[in-house]
file entry.txt (compact mmCIF, C-alpha atoms and all ligand atoms)
# COMPACT_ATOMS: atom_id res chain seq x y z
CA MET A 17 85.80 -53.88 2.68
CA ARG A 18 82.50 -55.50 3.63
CA LEU A 19 81.39 -57.83 0.84
CA CYS A 20 77.96 -59.42 0.89
CA ARG A 21 76.06 -61.80 -1.36
CA PHE A 22 72.39 -61.04 -1.65
CA ASP A 23 69.13 -61.78 -3.45
CA GLU A 24 69.78 -64.01 -6.50
CA GLY A 25 73.52 -64.37 -6.01
CA ARG A 26 74.35 -60.69 -6.40
CA LEU A 27 77.53 -59.20 -4.96
CA GLY A 28 77.42 -56.09 -2.78
CA VAL A 29 79.68 -53.72 -0.90
CA VAL A 30 78.18 -52.65 2.41
CA ASP A 31 78.92 -48.98 3.06
CA GLY A 32 79.09 -47.16 6.39
CA GLY A 33 75.55 -45.88 6.01
CA GLY A 34 73.88 -49.28 6.00
CA GLN A 35 73.43 -49.39 2.23
CA VAL A 36 74.39 -52.17 -0.13
CA ARG A 37 76.12 -51.09 -3.33
CA ASP A 38 75.43 -53.62 -6.07
CA VAL A 39 78.81 -54.47 -7.56
CA SER A 40 77.80 -57.74 -9.23
CA ALA A 41 79.71 -56.63 -12.32
CA ALA A 42 82.92 -57.27 -10.34
CA LEU A 43 82.18 -61.00 -10.69
CA GLU A 44 83.26 -60.61 -14.32
CA VAL A 45 86.90 -60.65 -13.18
CA LEU A 46 86.48 -64.29 -12.17
CA PRO A 47 87.86 -66.94 -14.51
CA THR A 48 85.38 -69.27 -16.17
CA PHE A 49 85.38 -72.59 -14.39
CA ARG A 50 84.82 -75.82 -16.31
CA TYR A 51 84.14 -79.26 -14.92
CA PRO A 52 85.69 -80.56 -12.75
CA CYS A 53 85.52 -77.51 -10.53
CA PRO A 54 88.49 -76.75 -8.27
CA PRO A 55 88.30 -77.68 -4.57
CA TYR A 56 88.11 -74.05 -3.49
CA ASP A 57 85.77 -71.06 -3.62
CA GLY A 58 86.37 -69.24 -6.89
CA LEU A 59 85.53 -65.80 -5.54
CA VAL A 60 87.75 -66.01 -2.46
CA ALA A 61 90.60 -67.43 -4.56
CA ASN A 62 90.43 -64.24 -6.65
CA LEU A 63 89.48 -61.88 -3.84
CA PRO A 64 92.11 -59.16 -4.46
CA ALA A 65 90.92 -58.74 -8.07
CA VAL A 66 87.26 -58.77 -7.03
CA VAL A 67 87.89 -56.19 -4.28
CA ALA A 68 89.80 -53.93 -6.67
CA ARG A 69 87.02 -54.02 -9.25
CA ALA A 70 84.31 -53.63 -6.60
CA ARG A 71 86.07 -50.53 -5.29
CA THR A 72 85.98 -48.87 -8.68
CA LEU A 73 82.30 -49.80 -9.13
CA ALA A 74 80.96 -49.01 -5.66
CA ASP A 75 80.70 -45.23 -5.85
CA ARG A 76 78.56 -45.30 -8.98
CA ALA A 77 76.59 -48.42 -8.03
CA ALA A 78 72.91 -48.46 -7.13
CA ALA A 79 72.43 -48.28 -3.34
CA VAL A 80 69.83 -50.47 -1.65
CA PRO A 81 69.04 -50.31 2.09
CA LEU A 82 70.28 -53.43 3.91
CA ASP A 83 66.82 -54.21 5.23
CA ARG A 84 65.55 -54.56 1.66
CA VAL A 85 67.93 -57.32 0.57
CA ARG A 86 68.02 -61.05 1.31
CA LEU A 87 71.48 -61.78 2.66
CA LEU A 88 73.06 -65.07 1.54
CA SER A 89 76.17 -66.76 2.90
CA PRO A 90 79.10 -64.49 1.95
CA ILE A 91 81.01 -67.64 0.96
CA ALA A 92 79.20 -69.59 -1.73
CA ASN A 93 81.32 -72.71 -2.22
CA PRO A 94 83.63 -73.51 0.71
CA GLY A 95 85.58 -76.70 0.09
CA LYS A 96 85.27 -77.54 3.74
CA ILE A 97 83.76 -76.13 6.90
CA ILE A 98 86.07 -76.81 9.81
CA ALA A 99 84.91 -76.28 13.37
CA ALA A 100 86.59 -76.12 16.76
CA PRO A 101 84.84 -77.93 19.62
CA VAL A 102 85.02 -76.73 23.24
CA ASN A 103 87.40 -73.85 22.52
CA TYR A 104 86.29 -71.66 25.44
CA GLN A 105 87.00 -72.97 28.96
CA LYS A 106 83.63 -71.87 30.39
CA HIS A 107 81.82 -73.66 27.54
CA LEU A 108 83.82 -76.83 28.27
CA ASP A 109 82.81 -76.42 31.93
CA GLU A 110 79.10 -76.16 31.05
CA VAL A 111 79.36 -79.16 28.71
CA LYS A 112 80.93 -81.24 31.50
CA SER A 113 78.29 -80.20 34.03
CA ASP A 114 75.19 -80.79 31.87
CA VAL A 115 74.28 -84.32 30.77
CA GLN A 116 71.88 -82.82 28.21
CA ILE A 117 74.91 -81.37 26.45
CA HIS A 118 77.56 -84.10 26.89
CA SER A 119 75.12 -87.04 26.56
CA ASN A 120 77.53 -89.30 28.46
CA ASN A 121 79.83 -89.39 25.44
CA PRO A 122 83.43 -89.13 26.69
CA ALA A 123 84.40 -87.61 23.33
CA HIS A 124 82.31 -84.55 24.21
CA THR A 125 84.18 -83.60 27.40
CA ILE A 126 87.82 -83.81 26.39
CA THR A 127 89.86 -80.69 25.62
CA ILE A 128 90.30 -79.25 22.15
CA GLN A 129 93.94 -80.31 22.24
CA GLN A 130 92.71 -83.89 22.65
CA ALA A 131 89.70 -83.61 20.37
CA GLY A 132 91.19 -81.61 17.50
CA VAL A 133 88.86 -79.97 14.99
CA PHE A 134 85.95 -81.54 13.12
CA LEU A 135 84.15 -81.01 9.80
CA LYS A 136 80.61 -79.90 9.07
CA ALA A 137 78.93 -80.81 5.78
CA SER A 138 79.16 -77.93 3.30
CA SER A 139 75.51 -78.68 2.46
CA SER A 140 74.63 -77.31 5.91
CA LEU A 141 75.54 -73.78 4.84
CA VAL A 142 72.97 -70.98 4.50
CA GLY A 143 72.88 -67.22 4.79
CA PRO A 144 70.96 -65.16 7.36
CA ALA A 145 67.90 -64.62 5.15
CA GLU A 146 67.46 -68.34 4.55
CA GLY A 147 67.05 -69.09 8.25
CA VAL A 148 67.43 -72.24 10.33
CA VAL A 149 65.03 -75.14 9.73
CA ILE A 150 64.74 -77.41 12.75
CA CYS A 151 65.64 -80.94 11.65
CA LYS A 152 64.78 -83.00 14.73
CA PRO A 153 62.02 -81.16 16.61
CA GLU A 154 61.87 -83.84 19.30
CA ARG A 155 65.51 -83.27 20.28
CA ARG A 156 67.34 -80.42 21.95
CA THR A 157 68.85 -78.08 19.34
CA ASP A 158 71.15 -75.25 20.46
CA HIS A 159 72.55 -72.03 19.08
CA GLU A 160 76.32 -71.48 19.11
CA VAL A 161 77.69 -68.09 18.06
CA GLU A 162 81.26 -68.12 16.75
CA LEU A 163 83.84 -66.02 14.97
CA ALA A 164 84.25 -67.54 11.50
CA VAL A 165 87.59 -67.31 9.69
CA VAL A 166 87.75 -67.51 5.90
CA ILE A 167 91.01 -68.84 4.44
CA GLY A 168 92.38 -66.73 1.58
CA ARG A 169 95.14 -68.82 0.05
CA GLN A 170 96.37 -72.37 0.04
CA ALA A 171 97.86 -73.28 3.40
CA SER A 172 99.68 -76.43 4.39
CA ARG A 173 101.69 -76.92 7.58
CA VAL A 174 101.53 -73.24 8.42
CA ALA A 175 103.13 -72.05 11.66
CA ALA A 176 100.95 -69.99 14.00
CA ALA A 177 103.29 -67.01 13.65
CA GLU A 178 102.52 -66.75 9.92
CA ALA A 179 98.94 -68.04 10.00
CA LEU A 180 97.09 -64.72 9.79
CA ASP A 181 98.76 -64.09 6.42
CA TYR A 182 96.53 -66.85 5.04
CA VAL A 183 93.25 -65.28 6.18
CA ALA A 184 90.98 -63.59 3.61
CA GLY A 185 88.57 -62.23 6.16
CA TYR A 186 86.04 -62.85 8.86
CA THR A 187 82.31 -63.34 9.22
CA ILE A 188 79.86 -64.40 11.91
CA GLY A 189 79.06 -68.10 12.21
CA LEU A 190 76.23 -69.99 13.83
CA ASP A 191 77.09 -73.61 14.57
CA ILE A 192 73.59 -74.99 15.16
CA SER A 193 73.84 -78.23 17.11
CA ILE A 194 71.55 -81.12 17.95
CA ARG A 195 72.54 -82.49 21.37
CA GLY A 196 73.01 -86.22 21.63
CA SER A 197 75.40 -89.11 21.47
CA GLU A 198 76.31 -89.01 17.78
CA ASP A 199 79.51 -87.68 16.28
CA ARG A 200 79.62 -83.88 15.98
CA SER A 201 79.91 -84.10 12.20
CA LEU A 202 76.41 -85.60 12.08
CA ARG A 203 74.65 -83.59 14.79
CA LYS A 204 75.90 -80.27 13.39
CA SER A 205 75.42 -80.93 9.67
CA PRO A 206 71.69 -80.86 8.89
CA ASP A 207 70.71 -78.43 6.12
CA SER A 208 70.81 -74.84 7.46
CA TYR A 209 72.82 -75.73 10.59
CA THR A 210 75.74 -73.56 9.50
CA VAL A 211 74.80 -69.90 9.07
CA LEU A 212 77.40 -67.42 7.81
CA GLY A 213 76.80 -63.69 7.53
CA PRO A 214 75.94 -60.94 7.34
CA TRP A 215 78.98 -60.30 5.11
CA LEU A 216 82.71 -60.95 4.73
CA VAL A 217 84.95 -58.35 6.36
CA THR A 218 88.33 -58.43 4.67
CA ALA A 219 91.26 -59.21 6.96
CA ASP A 220 92.81 -55.74 6.65
CA GLU A 221 89.93 -54.38 8.76
CA ILE A 222 90.53 -56.86 11.60
CA PRO A 223 94.27 -57.01 12.30
CA ASN A 224 93.75 -58.86 15.59
CA PRO A 225 90.92 -61.42 15.68
CA GLY A 226 91.82 -62.27 19.28
CA THR A 227 90.12 -59.32 21.01
CA LEU A 228 86.57 -59.27 19.60
CA ASP A 229 83.38 -59.11 21.66
CA LEU A 230 80.74 -61.55 20.50
CA GLN A 231 77.19 -62.18 21.64
CA ILE A 232 73.87 -63.68 20.72
CA THR A 233 70.30 -62.96 21.74
CA VAL A 234 67.23 -65.13 21.22
CA ASN A 235 63.93 -63.23 21.11
CA GLY A 236 65.75 -60.26 22.60
CA GLU A 237 67.17 -62.22 25.55
CA LEU A 238 70.95 -62.26 25.92
CA ARG A 239 72.19 -65.88 25.89
CA GLN A 240 75.92 -65.75 25.10
CA LYS A 241 78.33 -62.88 25.61
CA SER A 242 82.11 -63.21 25.59
CA ASN A 243 85.28 -62.13 23.83
CA THR A 244 87.55 -64.04 21.47
CA ARG A 245 90.41 -63.44 23.92
CA TYR A 246 88.94 -66.35 25.93
CA MET A 247 89.49 -68.84 23.11
CA ILE A 248 91.78 -71.67 24.23
CA LEU A 249 93.34 -71.96 20.77
CA GLY A 250 93.38 -68.61 18.98
CA VAL A 251 92.89 -68.14 15.26
CA PRO A 252 96.62 -68.63 14.46
CA GLU A 253 96.79 -71.83 16.52
CA LEU A 254 93.63 -73.22 14.91
CA ILE A 255 95.08 -72.62 11.43
CA GLU A 256 98.33 -74.26 12.51
CA MET A 257 96.47 -77.30 13.86
CA ALA A 258 94.11 -77.70 10.91
CA SER A 259 96.79 -77.14 8.25
CA SER A 260 99.01 -79.74 9.87
CA PHE A 261 96.40 -82.38 8.95
CA TYR A 262 95.08 -81.15 5.59
CA THR A 263 95.59 -78.43 3.03
CA LEU A 264 93.42 -75.37 3.54
CA HIS A 265 92.05 -73.82 0.36
CA PRO A 266 90.67 -70.37 -0.42
CA GLY A 267 87.15 -70.18 0.92
CA ASP A 268 87.60 -72.87 3.55
CA VAL A 269 85.88 -71.74 6.74
CA ILE A 270 87.03 -72.27 10.31
CA LEU A 271 84.38 -71.86 13.00
CA THR A 272 86.45 -71.00 16.05
CA GLY A 273 84.24 -72.38 18.82
CA THR A 274 81.52 -70.99 21.03
CA PRO A 275 81.58 -69.46 24.50
CA GLU A 276 79.36 -70.46 27.42
CA GLY A 277 75.61 -69.91 27.37
CA VAL A 278 74.46 -72.34 24.69
CA SER A 279 70.72 -72.95 24.98
CA PRO A 280 67.83 -74.44 23.01
CA ILE A 281 66.11 -72.81 20.04
CA GLU A 282 62.76 -73.66 18.50
CA PRO A 283 60.59 -72.66 15.55
CA GLY A 284 59.47 -69.05 15.78
CA ASP A 285 62.65 -67.86 17.53
CA ARG A 286 64.55 -64.85 16.27
CA ILE A 287 68.32 -65.00 16.69
CA VAL A 288 70.47 -61.87 16.61
CA ALA A 289 74.23 -62.49 16.56
CA THR A 290 76.92 -59.82 16.79
CA VAL A 291 80.70 -59.92 16.50
CA GLU A 292 82.69 -56.74 17.08
CA GLY A 293 84.28 -55.40 13.92
CA ILE A 294 81.99 -57.45 11.69
CA GLY A 295 78.38 -56.51 12.41
CA THR A 296 75.07 -58.04 13.38
CA MET A 297 72.92 -60.62 11.66
CA GLU A 298 69.34 -61.68 12.27
CA VAL A 299 68.29 -65.26 11.66
CA ALA A 300 64.80 -66.74 11.95
CA VAL A 301 64.17 -70.30 13.14
CA ARG A 302 61.32 -72.28 11.61
CA ALA A 303 59.86 -75.77 11.48
CA ALA A 304 60.35 -78.05 8.50
CA GLU A 305 57.32 -77.98 6.22
CA GLY A 306 55.39 -81.20 6.66
CA GLY A 307 58.58 -83.09 7.41
CA SER A 308 59.71 -82.81 3.82
CA GLU A 309 61.31 -79.42 3.64
CA LYS A 310 62.06 -78.69 0.03
CA ALA A 311 65.79 -78.67 -0.58
CA ARG A 312 67.21 -75.24 -1.25
CA PRO A 313 68.61 -74.61 -4.72
CA ALA A 314 72.00 -76.17 -5.23
CA PHE A 315 73.37 -72.79 -6.25
CA GLU A 316 72.19 -69.34 -7.12
CA SER A 317 73.55 -67.63 -10.18
CA VAL A 318 73.38 -63.98 -11.01
CA LYS A 319 70.50 -63.08 -13.27
CA ALA A 320 71.71 -60.84 -16.06
MN MN A 401 80.60 -74.88 17.79

call {"tool": "encode", "arguments": {"input": "entry.txt", "output": "structure tokens"}}
result
Amino acid sequence: MRLCRFDEGRLGVVDGGGQVRDVSAALEVLPTFRYPCPPYDGLVANLPAVVARARTLADRAAAVPLDRVRLLSPIANPGKIIAAPVNYQKHLDEVKSDVQIHSNNPAHTITIQQAGVFLKASSSLVGPAEGVVICKPERRTDHEVELAVVIGRQASRVAAAEALDYVAGYTIGLDISIRGSEDRSLRKSPDSYTVLGPWLVTADEIPNPGTLDLQITVNGELRQKSNTRYMILGVPELIEMASSFYTLHPGDVILTGTPEGVSPIEPGDRIVATVEGIGTMEVAVRAAEGGSEKARPAFESVKA
């Protein structure tokens, strides 16, 4: 199933004909959360029940063409956004050969086995319709297209051989990155620098995440094109590594790293990112308004 969030926090099933079926009523299966909220995404934690209800609702639900909805991040409240650095050999090669990318920081040119994974602020997360707002216009800011994995159930010290059992689904991720000397967690965490979309594809539709073509164009020009088979650590190995350090919760996201071809973006650019088996999302890049971009709403709730 392809589940999207759209407009004012509505829930949709994307059908094969490019229509969104509004199944927001399926959110009624979710338990009521009271403060303090749990450290996981409430929808993903209850995904089987949501999917079952959405399936019964979809056929009779109002259909809206995809190009008439505003797509939000398919995951609303990830407890953490984990990201893999330099997980494609040719990207590591380009980082090593370009001072604009490695910024003479030795931490930027070591292997993923040496570097491990890092965290991006969850406040950096937006959906495709919200777009990327350039935070530091005077500095180089790059696109990175990545396969994004969404964890489905609590995972601690999981072996790679069992790791895919803990995956709820997949989506496309953009890991927008300011180049420079600072730690990755800072350079990659401005508001809007993590884009997830266009929807969540449940794991049953992608039995092997290790063979997917992925690409990105900027203003129609192809910039990155590869396949997840070239990842140094595959999805199972990334889950094994991450879960050996901390517990993974439903809704946690793992950005699996980007292939070669990273390049600068600027206001006015139009990004189109595609991952095989998931779909395509369009994301606009814009300048901050007067240097004081209004913060996006802390959350969107469904209007009755
Ligand atoms: Mn990345």

call {"tool": "residues_around", "arguments": {"input": "entry.txt", "residues": "Ser260 (chain A)", "least_positions_apart": "6", "cutoff": "10 Å", "atoms": "only C-alpha atoms", "output": "ChimeraX atom specification"}}
result
/A:171-175,254

call {"tool": "residues_near_ligand", "arguments": {"input": "entry.txt", "ligand": "ligand MN 401 (chain A)", "cutoff": "9 Å", "atoms": "all atoms listed in the file", "output": "ChimeraX atom specification"}}
result
/A:99-103,159-162,189-193,204,271-275

call {"tool": "write_last_selection", "arguments": {"input": "entry.txt", "atoms": "C-alpha atoms", "output": "short mmCIF file (atom, residue, chain, number, x, y, z; two decimals), in the frame of the given file"}}
result
data_model
loop_
_atom_site.label_atom_id
_atom_site.label_comp_id
_atom_site.auth_asym_id
_atom_site.auth_seq_id
_atom_site.Cartn_x
_atom_site.Cartn_y
_atom_site.Cartn_z
CA ALA A 99 84.91 -76.28 13.37
CA ALA A 100 86.59 -76.12 16.76
CA PRO A 101 84.84 -77.93 19.62
CA VAL A 102 85.02 -76.73 23.24
CA ASN A 103 87.40 -73.85 22.52
CA HIS A 159 72.55 -72.03 19.08
CA GLU A 160 76.32 -71.48 19.11
CA VAL A 161 77.69 -68.09 18.06
CA GLU A 162 81.26 -68.12 16.75
CA GLY A 189 79.06 -68.10 12.21
CA LEU A 190 76.23 -69.99 13.83
CA ASP A 191 77.09 -73.61 14.57
CA ILE A 192 73.59 -74.99 15.16
CA SER A 193 73.84 -78.23 17.11
CA LYS A 204 75.90 -80.27 13.39
CA LEU A 271 84.38 -71.86 13.00
CA THR A 272 86.45 -71.00 16.05
CA GLY A 273 84.24 -72.38 18.82
CA THR A 274 81.52 -70.99 21.03
CA PRO A 275 81.58 -69.46 24.50
#

call {"tool": "residues_around", "arguments": {"input": "entry.txt", "residues": "Asn235 (chain A)", "least_positions_apart": "2", "cutoff": "8 Å", "atoms": "all atoms listed in the file", "output": "list of chain:residue names"}}
result
A:Thr233, A:Glu237, A:Asp285, A:Arg286, A:Ile287

call {"tool": "write_last_selection", "arguments": {"input": "entry.txt", "atoms": "C-alpha atoms", "output": "mmCIF file, keeping the file's coordinate frame"}}
result
data_model
loop_
_atom_site.group_PDB
_atom_site.id
_atom_site.type_symbol
_atom_site.label_atom_id
_atom_site.label_comp_id
_atom_site.auth_asym_id
_atom_site.auth_seq_id
_atom_site.Cartn_x
_atom_site.Cartn_y
_atom_site.Cartn_z
ATOM 1 C CA THR A 233 70.300 -62.960 21.740
ATOM 2 C CA GLU A 237 67.170 -62.220 25.550
ATOM 3 C CA ASP A 285 62.650 -67.860 17.530
ATOM 4 C CA ARG A 286 64.550 -64.850 16.270
ATOM 5 C CA ILE A 287 68.320 -65.000 16.690
#

call {"tool": "closest_residue", "arguments": {"input": "entry.txt", "among": "A:Val149, A:Leu230, A:Leu216, A:Ile222", "to": "Leu27 (chain A)", "atoms": "all atoms listed in the file"}}
result
A:Leu216

call {"tool": "closest_residue", "arguments": {"input": "entry.txt", "among": "A:Ile232, A:Met17, A:Ile97, A:Val30", "to": "Val66 (chain A)", "atoms": "only C-alpha atoms"}}
result
A:Met17

call {"tool": "atom_distance", "arguments": {"input": "entry.txt", "atom1": "CA of Ala179 (chain A)", "atom2": "CA of Met257 (chain A)"}}
result
10.3 Å

call {"tool": "closest_residue", "arguments": {"input": "entry.txt", "among": "A:Thr157, A:Thr244, A:Ser138, A:Thr48", "to": "Arg203 (chain A)", "atoms": "all atoms listed in the file"}}
result
A:Thr157

call {"tool": "closest_residue", "arguments": {"input": "entry.txt", "among": "A:Arg195, A:Arg37, A:Arg50, A:Arg169", "to": "Pro266 (chain A)", "atoms": "only C-alpha atoms"}}
result
A:Arg169

call {"tool": "residues_around", "arguments": {"input": "entry.txt", "residues": "Arg86 (chain A)", "least_positions_apart": "5", "cutoff": "7 Å", "atoms": "only C-alpha atoms", "output": "list in words"}}
result
Phe22, Asp23 and Ala145 of chain A

call {"tool": "closest_residue", "arguments": {"input": "entry.txt", "among": "A:Ala77, A:Ile150, A:Leu212, A:Met247", "to": "Glu305 (chain A)", "atoms": "all atoms listed in the file"}}
result
A:Ile150

call {"tool": "atom_distance", "arguments": {"input": "entry.txt", "atom1": "CA of Val183 (chain A)", "atom2": "CA of Arg71 (chain A)"}}
result
20.0 Å
